[in-house]
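Engineer: Got a structure for you, written out below as structure tokens; questions coming shortly.
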Amino acid sequence: MESKATAGNSVRHGRLAAWAWSALLLAILAFLVIYPVMMLLLGTLTDSNPVTDGYAAMHLSLGNFFTVLTNPNVHEILGNSLLACAGGTVFAVLIGLFFAWIVVRTNTPWKGLIAATGMLPLFVPPLVAGVAWSILGSPKTGLINTFLAKAGIDWRINLYSMPGIIFVFGMYYAPYVYMFTASALRNMDPSLEEAAEISGAGPVRTLFTVTFPLILPAIISGMLLSFVVMLGIYGIPAVLGAPANISVLTTYIFALTSWAPPRYSTAAAVAMILMVVTGILVYLQQKVISGRSFTTVAGKAFRPRALNLGPWRFLTLGLAIVYLIIVVVLPTLALLVAAFRKFLFIRDIPSLFDAKQYSLLHFDRLFSNPATLTSIINTMKVGVITAMIGGVLAFAIGYTTVRSNAPGRRVIDMIATVPVAIPGLVIGVAYLWAWIGLPGGFYGTIWILALAFVARFLPDTVKALSTSLMQIHRELEEAAWICGRGTLSTIATIMLPLARPGVIAAMTLLFVLAIRELGSSLFLYSSSTMVMAVQLLGYYEGGNVSVTAAFSLVQMVILGVLIGITNRLSRGATGGVGRAG
Amino acid sequence: MSANLAIANLRKVFATGKPAVDDVSFTVEAGEIVVLLGPSGCGKTTTLRCVAGLEHPTDGTIHIGDTLVSAPARGLLVPPRARNVGMVFQSYAVWPHMTVRQNVAYPLKGRGLTSDEAARKVDGALDLVDLAQYADRPVVQLSGGQMQRVALARSMVYEPRLLLLDEPLSNLDAQLRLRLRDDLRRIIKAAGLTALYVTHDQLEAVVLGDRIGVMQNGKLLQMATPEQVYNRPADLFVASFTGASNFMAGKVKARDGEWGTVELAGGHTITAWFATGLAAGDAVTIAIRPENIRLEAAEAQNRYTVDVVSQRFQGVQTAYELQLGSTTIEALATGTTMRHPAGSSVTINIPPEICWAYPAA
Ligand SMILES: Nc1ncnc2c1ncn2[C@@H]1O[C@H](COP(=O)(O)OP(=O)(O)O)[C@@H](O)[C@H]1O
Ligand SMILES: [Mg+2]
């Protein structure tokens, strides 16, 4: 209890403590987000190498950036990126919208199952998807082409091409468009459509003149988001584009840093381009979301109108099954066959079912390399550190922004949201620039990976935690103050226990996101801090498809188990894994 | 020990809109229960939260006992935890992750009690609210009324200097509300606590309060005993909010101290109690409670013969609509018989002391 004499001073002390607290959070955010982004900017504006030259000897000029901007190579690569993402987005919109309509507005059988399994592609790491599709669709040895040849069909597919990248992009990122449009369709007042039909429009005309225009903001929003995610993906274009010499921004940035000598400043400049494009698109998306017309979205739940498709419903079911076979069944089978078959060469169809051809040989080889286990252990370490630091930080930021009146909380919230617009790969380059030239050995440790992941996924974690904090009635906290408790004691005894499910869910989500992250790891790992995703890339580039497939399966199993746990802990986790790509 | 509460010139202006609390001053004596009564949005909760320290007043001072706890002009604001007040929230705010006992024991921590003493206090508080047999239940398994009593026990267990209650009964069903209303006064008095109680229900205010303060638009209009509030409302709003539903327009003929005569719009003359600030010739509104009008009465003063417009049977009472001059007024007669059918005429008497004249609105 405070005595009467000091009671007045405690106001000033409280104010001082609030300032100190805000300053601490801002300092942490400056360290995690602002400093690396500033260093990236510095890297963009110089042509020196931070490793050999240090930070002191840099001459700053816009020259480097202009050289990069005017480089025809960069133009071509930017063009490739935009083409691949635009094509992939168009494809994703067609699939996503179609599925949203099937699931929400028709009487197609097994809608629930279609909706659930249709989300699975979101959880597949892009590199794994790329590996699976290279096993299926490489021009010479791809399983699909082998089958076509055996079946005497002359036509061949080649996924090592721009259409191949577009195809895989579209297939795997359609769920974004689906998520946005399905919920818009669910929230739409069905009487708007009924009015169109009473005015004489048929179902198809109603769909294209009333339904789709009304959910246009959701379509655009899903479109922009899937475009942004594709833009930041490394794994798919790396696997499918490299054999055909197709570079996109992400693969080009990584290539720049692996040349000898590494071209760090050019990489920074290209990363800056990637960040600016992403930033613009994210800004547009936020505008579309916030400007969304709510005239069709009333507070009540509507009974969705299910169009009776008659016999056509089996056609829609068939199309759904085809999609699921393409994105789930075929890639899984490809990985299974490649991982368990002694030789990937398939002489004829019966040999595919010959048990003697299968063994655990490749798994033995995978685990006989000590690097495999080391990378798994490293990944788990990084995951735990990320989840711990990220969880605590996000709780602190969430509490400060939604529950306190600490000074500067708007700015804190804003800075914590900035990484939404920074692709993982760009974070990687920014952290590289921030730390590689500094003595002290921070670069190359597990901690730099963990901190980069904390920064990268901060917006998702803060959002998840803020939501769960906002659901706790204010009076529950005030009651504790009245009972004589201070802020910290109240947080420890009331807020934390009540928010515990949300905190645990956010930390598990963070763990899952961290262990599947490839983009930022590429620039930050060292031989002693190799993580799973990078090790997988190593196996792939080493050329052993079977070991790569075996490791892919191992990672999928680990991820599957963890995502299962996350989903048990929280319903909202799905969207979070989504943004990471 | 219970302390008195003194609020002087309290103001609270939120970032948006007009003042939520506007120049409110009153005191609560040690051991007294004062009820703030008023319609929703009039500033009752804000006043209470300023006393608790949960809201920062814009201006004015608050003393609890001898301690000045809030004086924004001097930059002084004691945080809630250091005010040693108890509070029952409108949502109860019992912590769902704890048992009944844990909830009630929570405030005792850090007050220098041995665990034996604390346990004894918790048991005492639970006995007081009649929840002893539920002590080890998780609170989420309790009914609304029981949660409300947990909140009450928790707010009293550390013998705060002052107990604050924000519409503690408003989330309960009508039956329970009646029972708890009486219990609440008994419990608070048994504990000897000073209490400030907020409600929008006039019956609750009358049953619970030693004094009632009526608020409107952030202003405290009257602070008096329930009897005074009901029989001498300070103004037209207080009169109508506490149930005077008959209004008659008129003009002052003459005034003699607290009393005077008014000429009603229909030509009748009536003798009434006069609020301050009225003089001959002023336009006035006269307010009368329907249950105060006497039917078939013999007194000579304010006696009128009027036509019955309608009669409505309401069970234990009957409501009559009567035509007095140009206005229709309502009168209530208790009993289960209806005596005056529509179209008949009846003699009524309105004693001057229940007939209040205010400046016309
Ligand atoms: N936090 C706040 N911010 C802005 N206005 C508020 C806030 N709290 C209350 N008000 C306003 O102050 C007025 C009084 O509110 P309140 O004290 O809650 O009324 P009551 O408890 O009598 O119903 C209302 O007009 C309300 O809208
Ligand atoms: Mg209120």
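Naming scheme: A, B, ... for chains in displayed order of the structure tokens; residues 1 onward per chain; ligands 1 onward as shown.
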So that I can see what lies close to A:Gly519, please list as a ChimeraX atom specification the residues with an atom at most 6 Å from it, counting only C-alpha atoms and leaving out residues fewer than 3 positions away in the same chain.

Structural biologist: /A:424-425,522

Engineer: Write out as a PyMOL selection string every residue belonging to chain B that has an atom at most 9 Å from any atom of chain A, counting only C-alpha atoms.

Structural biologist: chain B and resi 52-54+67-70+75-97+106-111+154-155+158

Engineer: Since we have the selection now, will you write its residues out, keeping N, CA and C atoms, as a compact mmCIF listing (two decimals), in the first residue's frame?

Structural biologist:
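What follows is the written file result16.txt:
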```
# COMPACT_ATOMS: atom_id res chain seq x y z
N ALA B 52 -13.35 5.93 -8.20
CA ALA B 52 -12.51 4.73 -8.12
C ALA B 52 -11.09 5.02 -8.61
N GLY B 53 -10.94 6.06 -9.43
CA GLY B 53 -9.62 6.34 -9.99
C GLY B 53 -9.43 5.69 -11.35
N LEU B 54 -10.50 5.07 -11.88
CA LEU B 54 -10.39 4.43 -13.19
C LEU B 54 -10.52 5.45 -14.32
N THR B 67 -8.01 11.89 2.91
CA THR B 67 -7.05 11.85 1.81
C THR B 67 -7.62 12.49 0.57
N LEU B 68 -6.87 13.43 0.01
CA LEU B 68 -7.23 13.99 -1.28
C LEU B 68 -6.76 12.99 -2.34
N VAL B 69 -7.68 12.37 -3.06
CA VAL B 69 -7.26 11.34 -4.01
C VAL B 69 -7.23 11.84 -5.45
N SER B 70 -7.91 12.97 -5.71
CA SER B 70 -7.96 13.44 -7.09
C SER B 70 -8.09 14.95 -7.11
N GLY B 75 -2.37 18.33 -10.53
CA GLY B 75 -1.68 17.17 -11.09
C GLY B 75 -1.67 15.99 -10.15
N LEU B 76 -2.66 15.93 -9.25
CA LEU B 76 -2.68 14.85 -8.27
C LEU B 76 -3.73 13.82 -8.64
N LEU B 77 -3.31 12.58 -8.73
CA LEU B 77 -4.25 11.52 -9.05
C LEU B 77 -3.74 10.22 -8.44
N VAL B 78 -4.41 9.78 -7.38
CA VAL B 78 -4.00 8.53 -6.74
C VAL B 78 -4.53 7.37 -7.58
N PRO B 79 -3.66 6.41 -7.95
CA PRO B 79 -4.14 5.30 -8.77
C PRO B 79 -5.13 4.43 -7.99
N PRO B 80 -6.00 3.71 -8.70
CA PRO B 80 -7.06 2.93 -8.05
C PRO B 80 -6.53 2.00 -6.95
N ARG B 81 -5.37 1.38 -7.21
CA ARG B 81 -4.89 0.38 -6.26
C ARG B 81 -4.55 0.99 -4.92
N ALA B 82 -4.28 2.31 -4.89
CA ALA B 82 -3.88 2.93 -3.64
C ALA B 82 -5.04 3.64 -2.96
N ARG B 83 -6.26 3.50 -3.47
CA ARG B 83 -7.38 4.24 -2.88
C ARG B 83 -8.10 3.46 -1.80
N ASN B 84 -7.85 2.16 -1.76
CA ASN B 84 -8.51 1.30 -0.79
C ASN B 84 -10.03 1.44 -0.85
N VAL B 85 -10.56 1.32 -2.05
CA VAL B 85 -12.01 1.27 -2.21
C VAL B 85 -12.38 -0.10 -2.77
N GLY B 86 -13.63 -0.49 -2.57
CA GLY B 86 -14.13 -1.72 -3.16
C GLY B 86 -15.10 -1.37 -4.26
N MET B 87 -15.18 -2.22 -5.29
CA MET B 87 -16.10 -1.89 -6.38
C MET B 87 -16.78 -3.14 -6.91
N VAL B 88 -18.09 -3.03 -7.12
CA VAL B 88 -18.84 -4.10 -7.78
C VAL B 88 -19.19 -3.59 -9.17
N PHE B 89 -18.68 -4.26 -10.19
CA PHE B 89 -18.86 -3.79 -11.55
C PHE B 89 -20.20 -4.26 -12.12
N GLN B 90 -20.64 -3.52 -13.13
CA GLN B 90 -21.91 -3.88 -13.76
C GLN B 90 -21.85 -5.28 -14.37
N SER B 91 -20.66 -5.63 -14.91
CA SER B 91 -20.51 -6.97 -15.50
C SER B 91 -20.05 -7.98 -14.45
N TYR B 92 -20.03 -7.58 -13.19
CA TYR B 92 -19.50 -8.34 -12.04
C TYR B 92 -17.98 -8.44 -12.09
N ALA B 93 -17.42 -8.72 -13.30
CA ALA B 93 -15.97 -8.85 -13.44
C ALA B 93 -15.38 -9.85 -12.46
N VAL B 94 -16.09 -10.97 -12.24
CA VAL B 94 -15.44 -12.04 -11.46
C VAL B 94 -14.53 -12.78 -12.43
N TRP B 95 -13.37 -13.19 -11.94
CA TRP B 95 -12.37 -13.76 -12.84
C TRP B 95 -12.68 -15.21 -13.14
N PRO B 96 -12.92 -15.51 -14.42
CA PRO B 96 -13.41 -16.85 -14.79
C PRO B 96 -12.38 -17.96 -14.60
N HIS B 97 -11.10 -17.60 -14.43
CA HIS B 97 -10.10 -18.66 -14.29
C HIS B 97 -9.86 -19.01 -12.84
N TYR B 106 -8.33 -12.88 -3.55
CA TYR B 106 -7.40 -12.12 -4.38
C TYR B 106 -6.97 -10.77 -3.80
N PRO B 107 -7.92 -9.96 -3.33
CA PRO B 107 -7.51 -8.62 -2.86
C PRO B 107 -6.70 -8.65 -1.57
N LEU B 108 -6.68 -9.79 -0.87
CA LEU B 108 -6.03 -9.81 0.45
C LEU B 108 -4.52 -9.94 0.36
N LYS B 109 -4.07 -10.38 -0.82
CA LYS B 109 -2.64 -10.58 -0.99
C LYS B 109 -1.90 -9.24 -0.91
N GLY B 110 -0.75 -9.25 -0.26
CA GLY B 110 0.04 -8.02 -0.20
C GLY B 110 -0.50 -7.04 0.81
N ARG B 111 -1.36 -7.50 1.73
CA ARG B 111 -1.86 -6.59 2.76
C ARG B 111 -1.33 -6.98 4.13
N ARG B 154 -15.98 -10.12 -2.80
CA ARG B 154 -14.63 -9.72 -3.15
C ARG B 154 -14.40 -8.24 -2.88
N SER B 155 -15.44 -7.44 -3.08
CA SER B 155 -15.25 -6.00 -2.91
C SER B 155 -15.27 -5.60 -1.44
N TYR B 158 -11.74 -6.93 2.10
CA TYR B 158 -10.59 -6.21 2.66
C TYR B 158 -11.03 -4.95 3.38
```

Engineer: Which residues are near ligand 1 - at most 7 Å, using only C-alpha atoms and all ligand atoms? Format: as a ChimeraX atom specification.

Structural biologist: /B:14-16,20,38-47,218

Engineer: Put those residues in a file: N, CA and C atoms, as a tab-separated table (two decimals), in the first residue's frame.

Structural biologist:
```
chain	number	residue	atom	x	y	z
B	14	PHE	N	-14.99	14.02	-21.94
B	14	PHE	CA	-14.29	13.08	-22.82
B	14	PHE	C	-13.87	13.80	-24.09
B	15	ALA	N	-12.97	13.15	-24.83
B	15	ALA	CA	-12.44	13.77	-26.04
B	15	ALA	C	-13.57	14.20	-26.97
B	16	THR	N	-14.66	13.42	-26.96
B	16	THR	CA	-15.77	13.75	-27.85
B	16	THR	C	-16.97	14.21	-27.03
B	20	ALA	N	-19.48	14.72	-19.61
B	20	ALA	CA	-20.20	13.56	-19.11
B	20	ALA	C	-20.60	13.79	-17.65
B	38	GLY	N	-30.50	8.05	-12.24
B	38	GLY	CA	-30.69	8.87	-13.43
B	38	GLY	C	-30.81	7.99	-14.65
B	39	PRO	N	-31.28	8.54	-15.74
B	39	PRO	CA	-31.44	7.74	-16.96
B	39	PRO	C	-30.09	7.34	-17.52
B	40	SER	N	-30.09	6.38	-18.42
B	40	SER	CA	-28.86	5.88	-19.02
B	40	SER	C	-28.13	7.03	-19.75
B	41	GLY	N	-26.83	7.11	-19.53
B	41	GLY	CA	-26.03	8.13	-20.21
B	41	GLY	C	-25.94	9.45	-19.48
B	42	CYS	N	-26.45	9.52	-18.24
B	42	CYS	CA	-26.47	10.82	-17.55
B	42	CYS	C	-25.16	11.08	-16.81
B	43	GLY	N	-24.25	10.10	-16.76
B	43	GLY	CA	-22.95	10.35	-16.15
B	43	GLY	C	-22.75	9.66	-14.81
B	44	LYS	N	-23.62	8.74	-14.43
B	44	LYS	CA	-23.49	8.05	-13.14
B	44	LYS	C	-22.22	7.22	-13.09
B	45	THR	N	-22.05	6.36	-14.13
B	45	THR	CA	-20.88	5.48	-14.15
B	45	THR	C	-19.60	6.29	-14.17
B	46	THR	N	-19.61	7.36	-14.96
B	46	THR	CA	-18.40	8.19	-15.05
B	46	THR	C	-18.06	8.77	-13.68
B	47	THR	N	-19.07	9.25	-12.96
B	47	THR	CA	-18.82	9.78	-11.61
B	47	THR	C	-18.18	8.71	-10.73
B	218	GLY	N	-25.26	14.87	-16.90
B	218	GLY	CA	-24.01	15.18	-16.22
B	218	GLY	C	-24.17	16.07	-15.00
```

Engineer: Identify which of the residues B:Ala191, B:Val28, B:Leu36, B:Ala297 lies closest to ligand 2, counting only C-alpha atoms and all ligand atoms when measuring atom-to-atom distances.

Structural biologist: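 Smallest distance to ligand 2 is found for B:Leu36.
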
Engineer: Just give me the gap between atom CA of B:Gln301 and atom CA of B:Val238 in Å, one decimal is fine.

Structural biologist: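 Answer for the atom CA of B:Gln301 to atom CA of B:Val238 separation: 25.7 Å.
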
Engineer: Report as a list of chain:residue names: the residues of stretch 192-351 of chain B with a DSSP assignment of helix (DSSP H, G or I), based on the backbone of this structure.

Structural biologist: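 Put together, the selection reads B:Gln202, B:Leu203, B:Glu204, B:Ala205, B:Val206, B:Val207, B:Leu208, B:Pro226, B:Glu227, B:Gln228, B:Val229, B:Tyr230, B:Asn231, B:Leu236, B:Phe237, B:Val238, B:Ala239, B:Ser240, B:Phe241, B:Pro290, B:Glu291, B:Asn292.
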
Engineer: So which residues touch B:Gly315 within 10 Å, counting only C-alpha atoms, skipping near sequence neighbours fewer than 6 positions away, as a list in words?

Structural biologist: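 My reading of the contact set: Thr334, Gly335, Thr336 and Thr337 of chain B.
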
Engineer: Identify which of the residues B:Pro168, B:Gly209, B:Pro352, B:Gly257 lies closest to ligand 2, counting only C-alpha atoms and all ligand atoms when measuring atom-to-atom distances.

Structural biologist: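 Answer, going by the shortest atom-to-atom distance: B:Pro168.
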
Engineer: Can you work out which one of A:Leu524, A:Met162, A:Leu40, A:Leu122 has the shortest atom-to-atom distance to A:Leu82, counting only C-alpha atoms?

Structural biologist: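 For A:Leu82, the nearest of the candidates is A:Met162.
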
Engineer: Grab the atom CA of B:Ala195 to atom CA of B:Gln175 distance for me, in Å with one decimal place.

Structural biologist: 23.7 Å

Engineer: Can you work out which one of B:Val262, B:Ala125, B:Leu131, B:Val198 has the shortest atom-to-atom distance to ligand 2, counting only C-alpha atoms and all ligand atoms?

Structural biologist: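 The closest residue to ligand 2 is B:Val198.
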
Engineer: Name all residues at most 12 Å from A:Trp19 (count only C-alpha atoms; drop same-chain ones fewer than 6 positions away) and give them as a PyMOL selection string.

Structural biologist: chain A and resi 12-13+25-26+400+404-409
